[in-house]
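Input: a single structure, listed below in structure tokens.
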Amino acid sequence: MDYKQLLDFSNAYAVSIIEAMEKMGLDVALLGYQISLTLNKEASDLLAETGLKIKGNDVKLMTESFVSSLKEVGACQIAEIKSMDDKNMEIHLGECILAPARFHILNSHPDIIPPCPMMALLVGQLEKQLGKHVFIDSCEWKQQLNTGIFKVRME
């Protein structure tokens with residue numbers, strides 16, 4: 001398989017898992033949190049091989065490391081912190097390797113925040129390392145920019 005075929009297969013696999021869970025009666029909107037737990041526990045050894053790393057010992061440093069890592073490994077071409085304070089942040093992620101899966105999920109479930117493994121990685125690490133409760137309150141999709149605008153709240 002070449003890179004494009006592997007990427008297409010990965011997107012198809014992500015969609016099939018999410019749709020299968022929904023057909024089994026699981027709430028698609030709740031999957032993101034469970035993905036964050038799994039990425040940071042059971043799948044952490046696989047994740048280490050991707051080069052996606054979050055470093056730092058506070059929200060600002062960890063979030064800066066997160067967006068830098070996404071761009072560095074090519075997971076997202078757009079990864080920007082638009083605003084951040086002790087309780088809220090706005091992160092823009094775009095041109096993501098899993099964008100085709102996002103399109104499919106949003107077409108099937110237009111009123112949800114689609115499960116985003118990139119944001120799940122950040123949420124899980126903030127919770128694990130800092131003991132914060134982190135919530136993705138919204139994700140506004142800007143199709144013309146191929147970008148999701150995530151609004152995150154921390155307690």
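Residue numbering restarts at 1 in every chain; chains get A, B, ... in the order shown in the structure tokens, and ligands count up from 1 in that same order.
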**Q.** Shell of 9 Å around A:Asp86, only C-alpha atoms, local chain residues under 5 positions omitted, as JSON, numbers by chain
**A.** {"A": [59, 60, 154, 155]}
Selected residues written out, N, CA and C atoms, as a PDB file, in the first residue's frame:
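So the final result, stored in result38.pdb, reads:
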```
ATOM      1  N   VAL A  59      -0.850  23.839  31.191  1.00  0.00           N
ATOM      2  CA  VAL A  59      -1.760  23.841  30.039  1.00  0.00           C
ATOM      3  C   VAL A  59      -1.140  24.546  28.841  1.00  0.00           C
ATOM      4  N   LYS A  60      -0.528  25.690  29.063  1.00  0.00           N
ATOM      5  CA  LYS A  60       0.031  26.467  27.952  1.00  0.00           C
ATOM      6  C   LYS A  60       1.143  25.704  27.235  1.00  0.00           C
ATOM      7  N   MET A 154     -11.898  23.963  30.721  1.00  0.00           N
ATOM      8  CA  MET A 154     -11.167  23.156  31.699  1.00  0.00           C
ATOM      9  C   MET A 154     -11.612  23.534  33.112  1.00  0.00           C
ATOM     10  N   GLU A 155     -11.738  22.507  33.940  1.00  0.00           N
ATOM     11  CA  GLU A 155     -12.105  22.741  35.349  1.00  0.00           C
ATOM     12  C   GLU A 155     -11.099  22.066  36.237  1.00  0.00           C
TER      13      GLU A 155
END
```
Q.
If we count only C-alpha atoms and set the cut-off at 12 Å, which residues sit around stretch 12-15 of chain A, ignoring sequence neighbours fewer than 3 positions away in its own chain? Please answer as a ChimeraX atom specification.
A. /A:5-9,18-22,28,31,35,97-109,114-117
Just N, CA and C atoms for this one: save the residues we selected as a short mmCIF file (atom, residue, chain, number, x, y, z; two decimals), in the first residue's frame.
```cif
data_model
loop_
_atom_site.label_atom_id
_atom_site.label_comp_id
_atom_site.auth_asym_id
_atom_site.auth_seq_id
_atom_site.Cartn_x
_atom_site.Cartn_y
_atom_site.Cartn_z
N GLN A 5 -3.18 5.21 -0.20
CA GLN A 5 -4.05 4.06 0.04
C GLN A 5 -4.16 3.77 1.54
N LEU A 6 -3.05 3.88 2.24
CA LEU A 6 -3.06 3.66 3.69
C LEU A 6 -3.91 4.71 4.39
N LEU A 7 -3.80 5.95 3.96
CA LEU A 7 -4.61 7.03 4.52
C LEU A 7 -6.09 6.80 4.24
N ASP A 8 -6.43 6.43 3.01
CA ASP A 8 -7.83 6.14 2.67
C ASP A 8 -8.37 5.00 3.50
N PHE A 9 -7.57 3.95 3.67
CA PHE A 9 -7.99 2.82 4.49
C PHE A 9 -8.20 3.25 5.94
N ILE A 18 -16.88 4.02 14.06
CA ILE A 18 -17.81 4.98 14.65
C ILE A 18 -19.25 4.64 14.26
N GLU A 19 -19.47 4.32 13.00
CA GLU A 19 -20.83 3.97 12.56
C GLU A 19 -21.29 2.66 13.21
N ALA A 20 -20.40 1.69 13.37
CA ALA A 20 -20.76 0.43 14.01
C ALA A 20 -21.16 0.67 15.47
N MET A 21 -20.42 1.50 16.15
CA MET A 21 -20.74 1.80 17.55
C MET A 21 -22.10 2.48 17.65
N GLU A 22 -22.37 3.38 16.71
CA GLU A 22 -23.66 4.07 16.71
C GLU A 22 -24.79 3.08 16.46
N VAL A 28 -22.58 8.64 19.61
CA VAL A 28 -21.41 9.10 18.86
C VAL A 28 -20.75 10.29 19.55
N LEU A 31 -18.14 9.36 22.19
CA LEU A 31 -16.97 8.57 21.80
C LEU A 31 -15.65 9.32 21.97
N ILE A 35 -12.22 7.81 23.43
CA ILE A 35 -11.03 7.75 22.58
C ILE A 35 -9.84 8.36 23.31
N ILE A 97 -5.25 14.66 8.49
CA ILE A 97 -5.18 13.40 7.76
C ILE A 97 -6.48 12.61 7.86
N LEU A 98 -7.30 12.91 8.87
CA LEU A 98 -8.57 12.21 9.04
C LEU A 98 -9.77 13.07 8.61
N ALA A 99 -9.52 14.12 7.83
CA ALA A 99 -10.61 14.98 7.37
C ALA A 99 -11.69 14.22 6.59
N PRO A 100 -11.35 13.26 5.71
CA PRO A 100 -12.40 12.52 5.02
C PRO A 100 -13.36 11.79 5.98
N ALA A 101 -12.83 11.25 7.06
CA ALA A 101 -13.69 10.60 8.06
C ALA A 101 -14.60 11.64 8.72
N ARG A 102 -14.05 12.81 9.01
CA ARG A 102 -14.85 13.89 9.61
C ARG A 102 -16.01 14.27 8.69
N PHE A 103 -15.74 14.43 7.40
CA PHE A 103 -16.81 14.78 6.46
C PHE A 103 -17.92 13.75 6.49
N HIS A 104 -17.54 12.49 6.46
CA HIS A 104 -18.54 11.42 6.46
C HIS A 104 -19.38 11.45 7.74
N ILE A 105 -18.72 11.58 8.87
CA ILE A 105 -19.43 11.59 10.15
C ILE A 105 -20.35 12.81 10.25
N LEU A 106 -19.87 13.96 9.83
CA LEU A 106 -20.72 15.16 9.88
C LEU A 106 -21.91 15.06 8.93
N ASN A 107 -21.75 14.37 7.81
CA ASN A 107 -22.89 14.17 6.91
C ASN A 107 -23.95 13.28 7.55
N SER A 108 -23.51 12.29 8.31
CA SER A 108 -24.44 11.37 8.98
C SER A 108 -24.99 11.94 10.28
N HIS A 109 -24.21 12.77 10.95
CA HIS A 109 -24.56 13.30 12.27
C HIS A 109 -24.23 14.80 12.31
N PRO A 114 -17.90 15.87 16.19
CA PRO A 114 -17.37 14.58 15.75
C PRO A 114 -16.17 14.15 16.59
N PRO A 115 -16.05 12.86 16.87
CA PRO A 115 -14.88 12.39 17.62
C PRO A 115 -13.61 12.74 16.86
N CYS A 116 -12.72 13.46 17.49
CA CYS A 116 -11.47 13.88 16.85
C CYS A 116 -10.30 13.28 17.63
N PRO A 117 -9.58 12.34 17.03
CA PRO A 117 -8.48 11.72 17.76
C PRO A 117 -7.37 12.71 18.12
#
```
Q: Using only C-alpha atoms, determine which residues lie at most 12 Å from A:Gly131, disregarding the query and same-chain residues fewer than 3 positions distant; provide the list as a list in words.
A: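 Residues meeting the cut-off are Asn57, Asp58, Val59, Val123, Gly124, Gln125, Leu126, Glu127, Lys128, Val134, Met154 and Glu155 of chain A.
Residue nearest A:Lys71 within the list A:Met118, A:Leu47, A:Leu30, A:Ile112: A:Met118 [criterion: smallest interatomic distance, only C-alpha atoms].
Take the candidates A:Gln143, A:Ile136, A:Val152, A:Gly74 and check each one against A:Tyr33 using only C-alpha atoms; the shortest distance goes to A:Ile136.
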Q.
For the structure I just gave you, how does DSSP split chain A - specifically, which residues are helix (DSSP H, G or I)? Reply as a ChimeraX atom specification.
A. /A:3-23,28-39,44-48,59-73,99-108,117-130,143-145
Q: Would you mind reading off the distance between atom CA of A:Leu93 and atom CA of A:Phe150, one decimal, in Å?
A: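 Here the two named atoms are 7.8 Å from each other.
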Q: as a VMD selection string, please: all residues of chain A that backbone DSSP puts in strand (DSSP E or B).
A: chain A and resid 76 to 84 88 to 96 134 to 142 147 to 154
Selection above as a file: C-alpha atoms, as a short mmCIF file (atom, residue, chain, number, x, y, z; two decimals), in the first residue's frame:
```cif
data_model
loop_
_atom_site.label_atom_id
_atom_site.label_comp_id
_atom_site.auth_asym_id
_atom_site.auth_seq_id
_atom_site.Cartn_x
_atom_site.Cartn_y
_atom_site.Cartn_z
CA CYS A 76 -2.66 18.55 10.58
CA GLN A 77 -1.39 21.26 8.27
CA ILE A 78 -3.25 23.86 10.32
CA ALA A 79 -2.87 23.70 14.10
CA GLU A 80 -3.21 27.01 15.92
CA ILE A 81 -4.05 28.24 19.38
CA LYS A 82 -6.34 31.22 18.84
CA SER A 83 -6.96 31.99 22.51
CA MET A 84 -6.14 30.50 25.88
CA ASN A 88 -10.83 28.14 28.20
CA MET A 89 -9.05 27.76 24.91
CA GLU A 90 -9.85 27.90 21.23
CA ILE A 91 -7.86 25.66 18.90
CA HIS A 92 -8.11 25.56 15.11
CA LEU A 93 -7.23 22.26 13.42
CA GLY A 94 -7.35 21.90 9.67
CA GLU A 95 -6.14 19.92 6.69
CA CYS A 96 -6.12 16.88 8.95
CA VAL A 134 -11.47 18.95 30.07
CA PHE A 135 -14.56 19.38 27.91
CA ILE A 136 -14.86 20.10 24.20
CA ASP A 137 -17.89 22.39 24.28
CA SER A 138 -18.16 22.94 20.54
CA CYS A 139 -16.56 22.41 17.19
CA GLU A 140 -17.53 24.77 14.41
CA TRP A 141 -16.64 23.41 10.99
CA LYS A 142 -15.36 25.93 8.43
CA THR A 147 -10.79 23.63 9.57
CA GLY A 148 -12.51 22.77 12.83
CA ILE A 149 -12.66 25.44 15.53
CA PHE A 150 -12.66 23.68 18.89
CA LYS A 151 -13.80 25.51 22.02
CA VAL A 152 -12.44 23.77 25.10
CA ARG A 153 -13.28 24.33 28.77
CA MET A 154 -11.17 23.16 31.70
#
```
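In this model, the gap between atom CA of A:Leu121 and atom CA of A:Ala29 comes to 16.2 Å.
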Q: Tell me, in Å to one decimal, how far atom CA of A:Leu37 is from atom CA of A:Ile54.
A: 15.1 Å
